[in-house]
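Structure file protein-v3.csv; described as CSV, C-alpha atoms.
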chain,number,residue,atom,x,y,z
A,768,MET,CA,0.0,0.0,0.0
A,769,SER,CA,1.4,3.4,-0.9
A,770,ARG,CA,2.3,6.0,1.7
A,771,SER,CA,-0.3,8.4,0.2
A,772,ARG,CA,-3.0,5.9,0.6
A,773,LEU,CA,-1.9,5.1,4.2
A,774,ALA,CA,-2.0,8.8,4.9
A,775,ARG,CA,-5.5,9.2,3.5
A,776,LEU,CA,-6.7,6.2,5.5
A,777,GLY,CA,-5.1,7.6,8.7
A,778,LEU,CA,-6.7,11.0,8.1
A,779,ALA,CA,-10.1,9.4,7.5
A,780,THR,CA,-9.8,7.4,10.7
A,781,PHE,CA,-8.9,10.5,12.7
A,782,LEU,CA,-11.7,12.5,11.2
A,783,GLY,CA,-14.2,9.7,11.8
A,784,LEU,CA,-13.1,9.4,15.4
A,785,GLY,CA,-13.4,13.2,15.8
A,786,ALA,CA,-16.9,13.2,14.2
A,787,TRP,CA,-17.9,10.3,16.5
A,788,CYS,CA,-16.8,12.2,19.6
A,789,TYR,CA,-18.5,15.4,18.4
A,790,GLY,CA,-21.7,13.4,17.9
A,791,LEU,CA,-21.5,12.3,21.5
A,792,SER,CA,-21.0,15.8,22.7
A,793,LEU,CA,-24.1,17.0,20.7
A,794,ASN,CA,-26.1,14.3,22.4
A,795,GLY,CA,-25.0,15.5,25.9
A,796,ILE,CA,-22.6,12.5,26.5
A,797,SER,CA,-19.1,13.4,27.6
A,798,THR,CA,-16.2,11.7,25.8
A,799,ALA,CA,-15.1,10.8,29.3
A,800,ALA,CA,-18.1,8.5,29.3
A,801,ALA,CA,-17.3,6.7,26.1
A,802,THR,CA,-15.7,3.3,25.8
A,803,PHE,CA,-13.0,2.9,23.1
A,804,ALA,CA,-9.4,2.0,22.7
A,805,PHE,CA,-6.9,4.7,21.7
A,806,GLY,CA,-3.3,3.6,21.6
A,807,SER,CA,-2.4,2.1,24.9
A,808,SER,CA,-5.2,3.9,26.9
A,809,ARG,CA,-8.8,3.0,27.4
A,810,ILE,CA,-11.2,5.7,28.3
A,811,PHE,CA,-14.2,4.3,30.1
A,812,GLY,CA,-16.8,5.1,32.6
A,813,ILE,CA,-17.7,8.6,33.8
A,814,TYR,CA,-15.0,10.3,35.8
A,815,GLN,CA,-15.5,13.5,37.9
A,816,VAL,CA,-13.3,15.5,40.2
A,817,SER,CA,-13.6,18.3,42.7
A,818,TYR,CA,-11.9,19.5,45.9
A,819,PHE,CA,-12.9,19.7,49.6
A,820,ASP,CA,-11.7,21.9,52.4
A,821,VAL,CA,-13.3,21.1,55.8
A,822,SER,CA,-10.9,22.8,58.2
A,823,SER,CA,-8.0,24.9,56.8
A,824,SER,CA,-9.4,28.1,58.4
A,825,PHE,CA,-8.3,26.6,61.8
A,826,ALA,CA,-6.1,23.6,61.1
A,827,LYS,CA,-3.1,23.0,58.8
A,828,SER,CA,-3.5,20.7,55.8
A,829,GLN,CA,-1.1,17.8,55.1
A,830,GLN,CA,1.0,20.2,52.9
A,831,GLY,CA,0.9,22.9,55.6
A,832,TYR,CA,-1.7,25.3,54.3
A,833,GLY,CA,-4.0,27.0,56.8
A,834,GLY,CA,-4.1,27.1,60.5
A,835,PRO,CA,-4.0,30.1,62.8
A,836,GLY,CA,-3.7,33.3,60.8
A,837,HIS,CA,-5.1,32.0,57.6
A,838,SER,CA,-8.4,32.1,55.9
A,839,GLY,CA,-9.8,29.0,54.2
A,840,GLY,CA,-12.6,26.4,54.3
A,841,ASN,CA,-14.7,26.0,57.4
A,842,GLY,CA,-16.6,22.8,57.0
A,843,ASP,CA,-17.6,21.9,53.5
A,844,ALA,CA,-21.0,20.3,54.1
A,845,LEU,CA,-22.5,18.0,51.5
A,846,LEU,CA,-21.7,16.0,48.5
A,847,ARG,CA,-24.8,15.3,46.4
A,848,ILE,CA,-24.8,12.7,43.6
A,849,VAL,CA,-27.7,12.2,41.1
A,850,ASP,CA,-28.1,9.3,38.7
A,851,ILE,CA,-29.8,10.4,35.5
A,852,GLY,CA,-30.2,6.7,34.6
A,853,ASN,CA,-28.2,4.2,32.6
A,854,TYR,CA,-30.4,1.4,31.3
A,855,GLU,CA,-27.8,-0.1,29.0
A,856,VAL,CA,-25.7,-1.2,32.0
A,857,ASP,CA,-28.5,-2.2,34.3
A,858,PRO,CA,-32.2,-2.7,33.4
A,859,ARG,CA,-33.1,-0.5,36.4
A,860,GLY,CA,-30.7,2.3,35.6
A,861,ASP,CA,-28.8,1.9,38.9
A,862,LEU,CA,-25.1,2.7,39.2
A,863,CYS,CA,-22.3,2.5,41.7
A,864,ALA,CA,-20.6,5.8,42.6
A,865,ASN,CA,-17.0,4.7,43.4
A,866,ILE,CA,-15.6,7.5,45.5
A,867,TYR,CA,-11.8,8.1,46.1
A,868,VAL,CA,-10.7,10.7,48.6
A,869,PHE,CA,-7.2,12.2,48.5
A,870,ASP,CA,-5.4,14.6,50.9
A,871,ASP,CA,-3.4,17.5,49.4
A,872,ASP,CA,-0.2,15.3,49.7
A,873,GLN,CA,-1.4,13.0,46.9
A,874,GLU,CA,-2.3,10.2,49.3
A,875,MET,CA,-5.5,8.3,48.9
A,876,GLN,CA,-7.0,8.4,52.4
A,877,GLU,CA,-10.5,6.9,51.9
A,878,CYS,CA,-12.5,5.0,49.3
A,879,CYS,CA,-15.9,3.5,49.1
A,880,SER,CA,-18.7,2.5,46.6
A,881,CYS,CA,-22.2,3.8,47.0
A,882,PRO,CA,-25.4,2.8,45.1
A,883,VAL,CA,-27.3,5.5,43.3
A,884,THR,CA,-30.6,4.5,41.6
A,885,ALA,CA,-32.0,5.9,38.4
A,886,ASP,CA,-33.4,9.4,39.1
A,887,GLY,CA,-32.2,9.0,42.7
A,888,LEU,CA,-30.3,11.3,45.0
A,889,ARG,CA,-27.6,10.3,47.4
A,890,THR,CA,-26.5,12.9,50.0
A,891,ILE,CA,-23.1,12.4,51.7
A,892,SER,CA,-21.5,14.5,54.4
A,893,VAL,CA,-18.0,15.5,53.5
A,894,ILE,CA,-17.0,15.7,57.2
A,895,ASN,CA,-18.8,12.7,58.7
A,896,ASP,CA,-18.8,10.3,55.7
A,897,LEU,CA,-15.8,11.1,53.5
A,898,THR,CA,-13.0,12.5,55.8
A,899,SER,CA,-13.6,11.0,59.3
A,900,ASN,CA,-11.9,7.7,58.8
A,901,PRO,CA,-8.6,8.4,56.9
A,902,GLN,CA,-6.1,5.6,56.3
A,903,PHE,CA,-3.1,7.6,57.6
A,904,SER,CA,-3.5,11.3,58.3
A,905,SER,CA,-5.7,12.7,61.0
A,906,PRO,CA,-7.5,14.9,60.8
A,907,LEU,CA,-8.2,14.9,57.0
A,908,GLY,CA,-8.8,18.5,56.1
A,909,VAL,CA,-8.1,19.5,52.5
A,910,GLY,CA,-7.9,17.4,49.3
A,911,VAL,CA,-9.5,16.0,46.2
A,912,ILE,CA,-12.6,13.8,45.6
A,913,LYS,CA,-12.8,11.6,42.5
A,914,ILE,CA,-15.9,9.8,41.5
A,915,LEU,CA,-16.0,7.0,38.9
A,916,GLY,CA,-19.4,5.5,37.9
A,917,THR,CA,-19.8,1.8,37.1
A,918,GLY,CA,-22.7,-0.5,36.7
A,919,ILE,CA,-23.1,-4.1,37.6
A,920,ILE,CA,-24.8,-6.4,35.1
A,921,GLY,CA,-26.9,-9.0,36.8
A,922,ASP,CA,-29.2,-9.4,39.8
A,923,PRO,CA,-29.1,-8.4,42.6
A,924,PHE,CA,-27.5,-5.0,41.9
A,925,PHE,CA,-24.8,-4.6,44.6
A,926,CYS,CA,-22.2,-2.0,45.5
A,927,SER,CA,-19.8,-3.0,48.3
A,928,SER,CA,-17.4,-0.6,50.1
A,929,GLY,CA,-15.2,-3.5,51.4
A,930,GLY,CA,-12.7,-3.0,54.2
A,931,ASP,CA,-11.3,-5.1,57.1
A,932,GLY,CA,-9.8,-7.6,54.6
A,933,ALA,CA,-12.7,-7.8,52.2
A,934,PRO,CA,-12.4,-6.3,48.7
A,935,GLY,CA,-15.1,-3.9,47.6
A,936,THR,CA,-16.4,-2.5,44.3
A,937,ALA,CA,-14.2,0.6,44.2
A,938,GLY,CA,-11.1,-1.6,44.7
A,939,THR,CA,-12.0,-4.2,42.1
A,940,ILE,CA,-12.9,-2.3,39.0
A,941,THR,CA,-11.4,-4.1,35.9
A,942,GLN,CA,-10.9,-3.2,32.3
A,943,GLY,CA,-13.8,-5.5,31.5
A,944,GLY,CA,-16.1,-3.9,34.0
A,945,ALA,CA,-19.3,-2.1,33.0
A,946,PRO,CA,-18.8,1.6,32.5
A,947,GLY,CA,-21.5,3.8,34.1
A,948,GLN,CA,-22.6,6.9,32.3
A,949,GLY,CA,-25.1,9.1,34.1
A,950,LEU,CA,-23.8,10.3,37.4
A,951,ARG,CA,-23.7,14.0,38.2
A,952,ALA,CA,-22.3,15.4,41.5
A,953,TRP,CA,-22.2,18.7,43.3
A,954,ILE,CA,-20.4,19.8,46.5
A,955,SER,CA,-21.0,22.7,48.8
A,956,HIS,CA,-18.1,25.0,50.0
A,957,THR,CA,-18.0,27.3,53.0
A,958,GLU,CA,-15.3,30.0,53.2
A,959,SER,CA,-14.3,31.8,56.3
A,960,ILE,CA,-11.9,34.4,57.6
A,961,ALA,CA,-9.5,33.6,60.4
A,962,SER,CA,-10.0,35.4,63.7
A,963,ASN,CA,-6.5,35.7,65.0
A,964,ASN,CA,-4.9,38.1,62.5
A,965,PRO,CA,-3.4,41.2,64.1
A,966,HIS,CA,-6.1,43.8,64.8
A,967,PHE,CA,-8.8,41.5,63.4
A,968,ASP,CA,-12.3,43.0,63.9
A,969,PRO,CA,-14.5,41.4,65.0
A,970,PRO,CA,-12.3,39.1,67.1
A,971,PHE,CA,-13.9,35.9,65.9
A,972,GLY,CA,-14.0,34.0,62.6
A,973,PHE,CA,-17.1,34.2,60.4
A,974,VAL,CA,-18.3,32.7,57.2
A,975,THR,CA,-18.0,35.0,54.3
A,976,SER,CA,-19.5,32.9,51.5
A,977,THR,CA,-21.1,29.6,50.7
A,978,SER,CA,-21.3,28.1,47.2
A,979,VAL,CA,-22.4,24.9,45.4
A,980,ILE,CA,-20.0,23.7,42.7
A,981,GLU,CA,-20.6,21.0,40.2
A,982,PHE,CA,-17.9,18.3,39.8
A,983,ALA,CA,-15.9,18.7,36.7
A,984,PRO,CA,-15.8,15.8,34.2
A,985,ALA,CA,-12.3,14.6,33.3
A,986,LEU,CA,-10.7,12.1,30.9
A,987,LEU,CA,-9.8,8.8,32.5
A,988,ASP,CA,-7.2,6.5,31.1
A,989,GLU,CA,-6.5,2.9,32.0
A,990,GLY,CA,-3.5,3.7,34.1
A,991,GLU,CA,-5.5,6.1,36.3
A,992,ALA,CA,-8.3,3.7,36.7
A,993,ILE,CA,-7.0,0.2,37.2
A,994,GLY,CA,-3.2,0.3,37.6
A,995,PRO,CA,-1.1,-1.6,37.6
A,996,THR,CA,-0.2,-0.3,41.1
A,997,ALA,CA,-0.9,3.4,41.1
A,998,GLY,CA,-4.4,3.4,39.7
A,999,LEU,CA,-7.5,4.2,41.7
A,1000,ALA,CA,-8.7,0.6,42.0
A,1001,PRO,CA,-5.5,-1.1,43.1
A,1002,VAL,CA,-4.7,1.6,45.7
A,1003,CYS,CA,-8.2,1.4,47.1
A,1004,LEU,CA,-8.0,-2.4,47.1
A,1005,ASN,CA,-4.9,-2.2,49.2
A,1006,ILE,CA,-6.8,0.0,51.7
A,1007,GLU,CA,-9.7,-2.5,51.7
A,1008,LEU,CA,-7.5,-5.5,52.4
A,1009,HIS,CA,-4.8,-4.1,54.7
A,1010,ALA,CA,-5.9,-0.9,56.6
A,1011,SER,CA,-7.9,-2.8,59.2
A,1012,GLY,CA,-11.1,-1.0,58.6
A,1013,ARG,CA,-9.5,2.5,58.3
A,1014,GLY,CA,-9.7,4.3,55.0
A,1015,ILE,CA,-13.2,3.2,54.2
A,1016,CYS,CA,-15.7,6.1,53.7
A,1017,THR,CA,-19.5,5.8,54.1
A,1018,CYS,CA,-22.4,6.5,51.8
A,1019,GLY,CA,-24.6,8.9,53.7
A,1020,VAL,CA,-28.3,8.7,52.8
A,1021,GLY,CA,-30.0,7.7,49.6
A,1022,ASP,CA,-32.6,5.4,48.1
A,1023,THR,CA,-31.9,1.6,47.8
A,1024,PRO,CA,-31.8,-0.3,44.5
A,1025,ARG,CA,-35.2,-1.5,43.3
A,1026,PRO,CA,-36.2,-4.9,42.0
A,1027,PRO,CA,-35.3,-5.6,38.3
A,1028,VAL,CA,-37.7,-4.4,35.6
A,1029,PRO,CA,-39.5,-7.4,33.9
A,1030,PHE,CA,-39.3,-7.6,30.2
Turn the structure described in the file into structure tokens.
Amino acid sequence: MSRSRLARLGLATFLGLGAWCYGLSLNGISTAAATFAFGSSRIFGIYQVSYFDVSSSFAKSQQGYGGPGHSGGNGDALLRIVDIGNYEVDPRGDLCANIYVFDDDQEMQECCSCPVTADGLRTISVINDLTSNPQFSSPLGVGVIKILGTGIIGDPFFCSSGGDGAPGTAGTITQGGAPGQGLRAWISHTESIASNNPHFDPPFGFVTSTSVIEFAPALLDEGEAIGPTAGLAPVCLNIELHASGRGICTCGVGDTPRPPVPF
């Protein structure tokens, strides 16, 4: 085959892939939710990311930000996750929200997997559910939250957070797992001003603003998701198997999976 023909075929393939991705975006589906091979990477599932700051207005983070004399977060309150429905993965549209919590020193401190039913809402406390049981650092004040949606084909639908030597869903995601499009997440932030700066008036800290921020979708490659050793799943699996119950977050409040829809 001539070089010119190879070049034309390569360009056609590239343009076809671009048109396919553009079509997904027109239909409201992020390319982060697509499943296809590209070189050595595999983009699958829906991957979202945001930050949390529950205490830097009065306590230093792992990297040393915050504490006396600094402004910062003062108790980020809630993470809310909605499942808009994915009936290709599960006939009920249910999904697992696999949650990975990092401190600002790049250490995964907690992970868990929480069911979110189609058109359902799960409400999770950042302080009580996601940062109160860190693997190493205590307290866990500032960092990053990553959410990867997956579905489980079969009955019953089941998401497990594992821990105490038992593997869970967030730690056992595989390349052949079922990607879960359809999760959307928001987190509330509370900002405050420190009270012990010189000549601070009034002489106590107070909240200056609150906001609700939507998680940002991000591209996910195979290395970030499943390993071999530094991916989300294998690091979480190590926590589930070896941290003696520490490092496992909890799922707050939400609806439970429903019986399968008959066909």
task = Considering all atoms listed in the file, state which residue in the set A:Asn1005, A:Ser928, A:Thr975, A:Thr1023 is at the smallest distance from A:Glu958.
result =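 Using all atoms listed in the file, A:Glu958 sits closest to A:Thr975.
Across the structure, atom CA of A:Arg889 and atom CA of A:Ile851 are spaced 12.1 Å apart.
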key: Distance query stretch 857-863 of chain A at most 6 Å, only C-alpha atoms, self and fewer than 4 positions along chain excluded, as a PyMOL selection string   = chain A and resi 852-853+881-885+916-918+920+926+1027
task = Considering only C-alpha atoms, return as a PyMOL selection string whatever protein or nucleic-acid residues lie within 12 Å of A:Ile1015, sequence-local ones (same chain, fewer than 2 positions apart) excluded.
result = chain A and resi 865-868+875-881+895-903+927-938+1003-1013+1017-1018
ask   = Hey, which of A:Ser978, A:Thr996, A:Thr957, A:Gln873 ends up closest to A:Gln830? Count only C-alpha atoms.
value =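 Comparing A:Ser978, A:Thr996, A:Thr957, A:Gln873 against A:Gln830, the winner is A:Gln873.
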Residues within 9 Å of stretch 817-829 of chain A, only C-alpha atoms, excluding chain neighbours under 5 positions, as a compact mmCIF listing (two decimals) with C-alpha atoms, in the frame of the given file:
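Printed below is result23.txt as written:
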# COMPACT_ATOMS: atom_id res chain seq x y z
CA GLY A 834 -4.10 27.10 60.50
CA PRO A 835 -4.00 30.10 62.80
CA GLY A 836 -3.70 33.30 60.80
CA HIS A 837 -5.10 32.00 57.60
CA SER A 838 -8.40 32.10 55.90
CA GLY A 839 -9.80 29.00 54.20
CA GLY A 840 -12.60 26.40 54.30
CA ASN A 841 -14.70 26.00 57.40
CA GLY A 842 -16.60 22.80 57.00
CA ASP A 843 -17.60 21.90 53.50
CA ALA A 844 -21.00 20.30 54.10
CA ASP A 870 -5.40 14.60 50.90
CA ASP A 871 -3.40 17.50 49.40
CA ASP A 872 -0.20 15.30 49.70
CA VAL A 893 -18.00 15.50 53.50
CA ILE A 894 -17.00 15.70 57.20
CA THR A 898 -13.00 12.50 55.80
CA SER A 904 -3.50 11.30 58.30
CA PRO A 906 -7.50 14.90 60.80
CA LEU A 907 -8.20 14.90 57.00
CA GLY A 908 -8.80 18.50 56.10
CA VAL A 909 -8.10 19.50 52.50
CA GLY A 910 -7.90 17.40 49.30
CA VAL A 911 -9.50 16.00 46.20
CA ILE A 912 -12.60 13.80 45.60
CA LYS A 913 -12.80 11.60 42.50
CA ILE A 914 -15.90 9.80 41.50
CA TRP A 953 -22.20 18.70 43.30
CA ILE A 954 -20.40 19.80 46.50
CA SER A 955 -21.00 22.70 48.80
CA HIS A 956 -18.10 25.00 50.00
CA THR A 957 -18.00 27.30 53.00
CA GLU A 958 -15.30 30.00 53.20
CA SER A 959 -14.30 31.80 56.30
CA ILE A 960 -11.90 34.40 57.60
CA ALA A 961 -9.50 33.60 60.40
CA GLY A 972 -14.00 34.00 62.60
CA ILE A 980 -20.00 23.70 42.70
CA GLU A 981 -20.60 21.00 40.20
CA PHE A 982 -17.90 18.30 39.80
CA ALA A 983 -15.90 18.70 36.70
remark   = Atom pair atom CA of A:Ile848 + atom CA of A:Cys1016, distance 15.1 Å
task = Mind giving me the straight-line distance from atom CA of A:Thr939 to atom CA of A:Ala1000 in Å, one decimal?
result = 5.8 Å
key: A:Gln815, A:Gly1014, A:Arg951, A:Thr941 ranked by distance to A:Asp850, top pick (using only C-alpha atoms)   = A:Arg951
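When all atoms listed in the file are used to measure the gap to A:Glu991, the shortest distance among A:Tyr854, A:Leu846, A:Tyr814, A:Ser892 belongs to A:Tyr814.
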ask   = Using all atoms listed in the file, which residue out of A:Gln948, A:Phe869, A:Gly1019, A:Ala997 lies closest to A:Pro984?
value =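 Looking at the shortest contact to A:Pro984, the residue is A:Gln948.
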Kindly add N, CA and C atoms to the incomplete stretch 867-889 of chain A and provide the output as an mmCIF file, in the frame of the given file.
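Final output, saved to selection-v4.cif:
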data_model
loop_
_atom_site.group_PDB
_atom_site.id
_atom_site.type_symbol
_atom_site.label_atom_id
_atom_site.label_comp_id
_atom_site.auth_asym_id
_atom_site.auth_seq_id
_atom_site.Cartn_x
_atom_site.Cartn_y
_atom_site.Cartn_z
ATOM 1 N N TYR A 867 -13.218 8.174 45.656
ATOM 2 C CA TYR A 867 -11.800 8.100 46.100
ATOM 3 C C TYR A 867 -11.439 9.468 46.659
ATOM 4 N N VAL A 868 -10.998 9.496 47.916
ATOM 5 C CA VAL A 868 -10.700 10.700 48.600
ATOM 6 C C VAL A 868 -9.199 10.835 48.865
ATOM 7 N N PHE A 869 -8.588 11.918 48.381
ATOM 8 C CA PHE A 869 -7.200 12.200 48.500
ATOM 9 C C PHE A 869 -6.918 13.363 49.430
ATOM 10 N N ASP A 870 -5.832 13.350 50.202
ATOM 11 C CA ASP A 870 -5.400 14.600 50.900
ATOM 12 C C ASP A 870 -4.608 15.431 49.905
ATOM 13 N N ASP A 871 -4.128 16.600 50.360
ATOM 14 C CA ASP A 871 -3.400 17.500 49.400
ATOM 15 C C ASP A 871 -1.915 17.089 49.367
ATOM 16 N N ASP A 872 -1.574 15.896 49.828
ATOM 17 C CA ASP A 872 -0.200 15.300 49.700
ATOM 18 C C ASP A 872 -0.255 14.116 48.769
ATOM 19 N N GLN A 873 -1.301 14.032 47.933
ATOM 20 C CA GLN A 873 -1.400 13.000 46.900
ATOM 21 C C GLN A 873 -1.673 11.594 47.447
ATOM 22 N N GLU A 874 -2.030 11.475 48.699
ATOM 23 C CA GLU A 874 -2.300 10.200 49.300
ATOM 24 C C GLU A 874 -3.780 9.868 49.274
ATOM 25 N N MET A 875 -4.162 8.688 48.735
ATOM 26 C CA MET A 875 -5.500 8.300 48.900
ATOM 27 C C MET A 875 -5.787 7.890 50.331
ATOM 28 N N GLN A 876 -6.733 8.571 50.955
ATOM 29 C CA GLN A 876 -7.000 8.400 52.400
ATOM 30 C C GLN A 876 -8.264 7.548 52.635
ATOM 31 N N GLU A 877 -9.248 7.652 51.747
ATOM 32 C CA GLU A 877 -10.500 6.900 51.900
ATOM 33 C C GLU A 877 -11.048 6.527 50.546
ATOM 34 N N CYS A 878 -11.781 5.424 50.500
ATOM 35 C CA CYS A 878 -12.500 5.000 49.300
ATOM 36 C C CYS A 878 -13.726 4.238 49.689
ATOM 37 N N CYS A 879 -14.741 4.251 48.846
ATOM 38 C CA CYS A 879 -15.900 3.500 49.100
ATOM 39 C C CYS A 879 -16.768 3.437 47.808
ATOM 40 N N SER A 880 -17.805 2.614 47.795
ATOM 41 C CA SER A 880 -18.700 2.500 46.600
ATOM 42 C C SER A 880 -20.133 2.603 47.111
ATOM 43 N N CYS A 881 -20.889 3.522 46.501
ATOM 44 C CA CYS A 881 -22.200 3.800 47.000
ATOM 45 C C CYS A 881 -23.252 3.670 45.857
ATOM 46 N N PRO A 882 -24.351 2.952 46.097
ATOM 47 C CA PRO A 882 -25.400 2.800 45.100
ATOM 48 C C PRO A 882 -26.159 4.092 44.871
ATOM 49 N N VAL A 883 -26.442 4.414 43.609
ATOM 50 C CA VAL A 883 -27.300 5.500 43.300
ATOM 51 C C VAL A 883 -28.298 5.043 42.226
ATOM 52 N N THR A 884 -29.571 5.037 42.560
ATOM 53 C CA THR A 884 -30.600 4.500 41.600
ATOM 54 C C THR A 884 -30.958 5.527 40.596
ATOM 55 N N ALA A 885 -31.545 5.044 39.516
ATOM 56 C CA ALA A 885 -32.000 5.900 38.400
ATOM 57 C C ALA A 885 -32.938 6.988 38.959
ATOM 58 N N ASP A 886 -32.653 8.266 38.636
ATOM 59 C CA ASP A 886 -33.400 9.400 39.100
ATOM 60 C C ASP A 886 -33.380 9.534 40.627
ATOM 61 N N GLY A 887 -32.377 8.913 41.238
ATOM 62 C CA GLY A 887 -32.200 9.000 42.700
ATOM 63 C C GLY A 887 -31.174 9.964 43.112
ATOM 64 N N LEU A 888 -31.226 10.346 44.363
ATOM 65 C CA LEU A 888 -30.300 11.300 45.000
ATOM 66 C C LEU A 888 -29.622 10.646 46.158
ATOM 67 N N ARG A 889 -28.296 10.742 46.219
ATOM 68 C CA ARG A 889 -27.600 10.300 47.400
ATOM 69 C C ARG A 889 -26.875 11.528 48.005
#
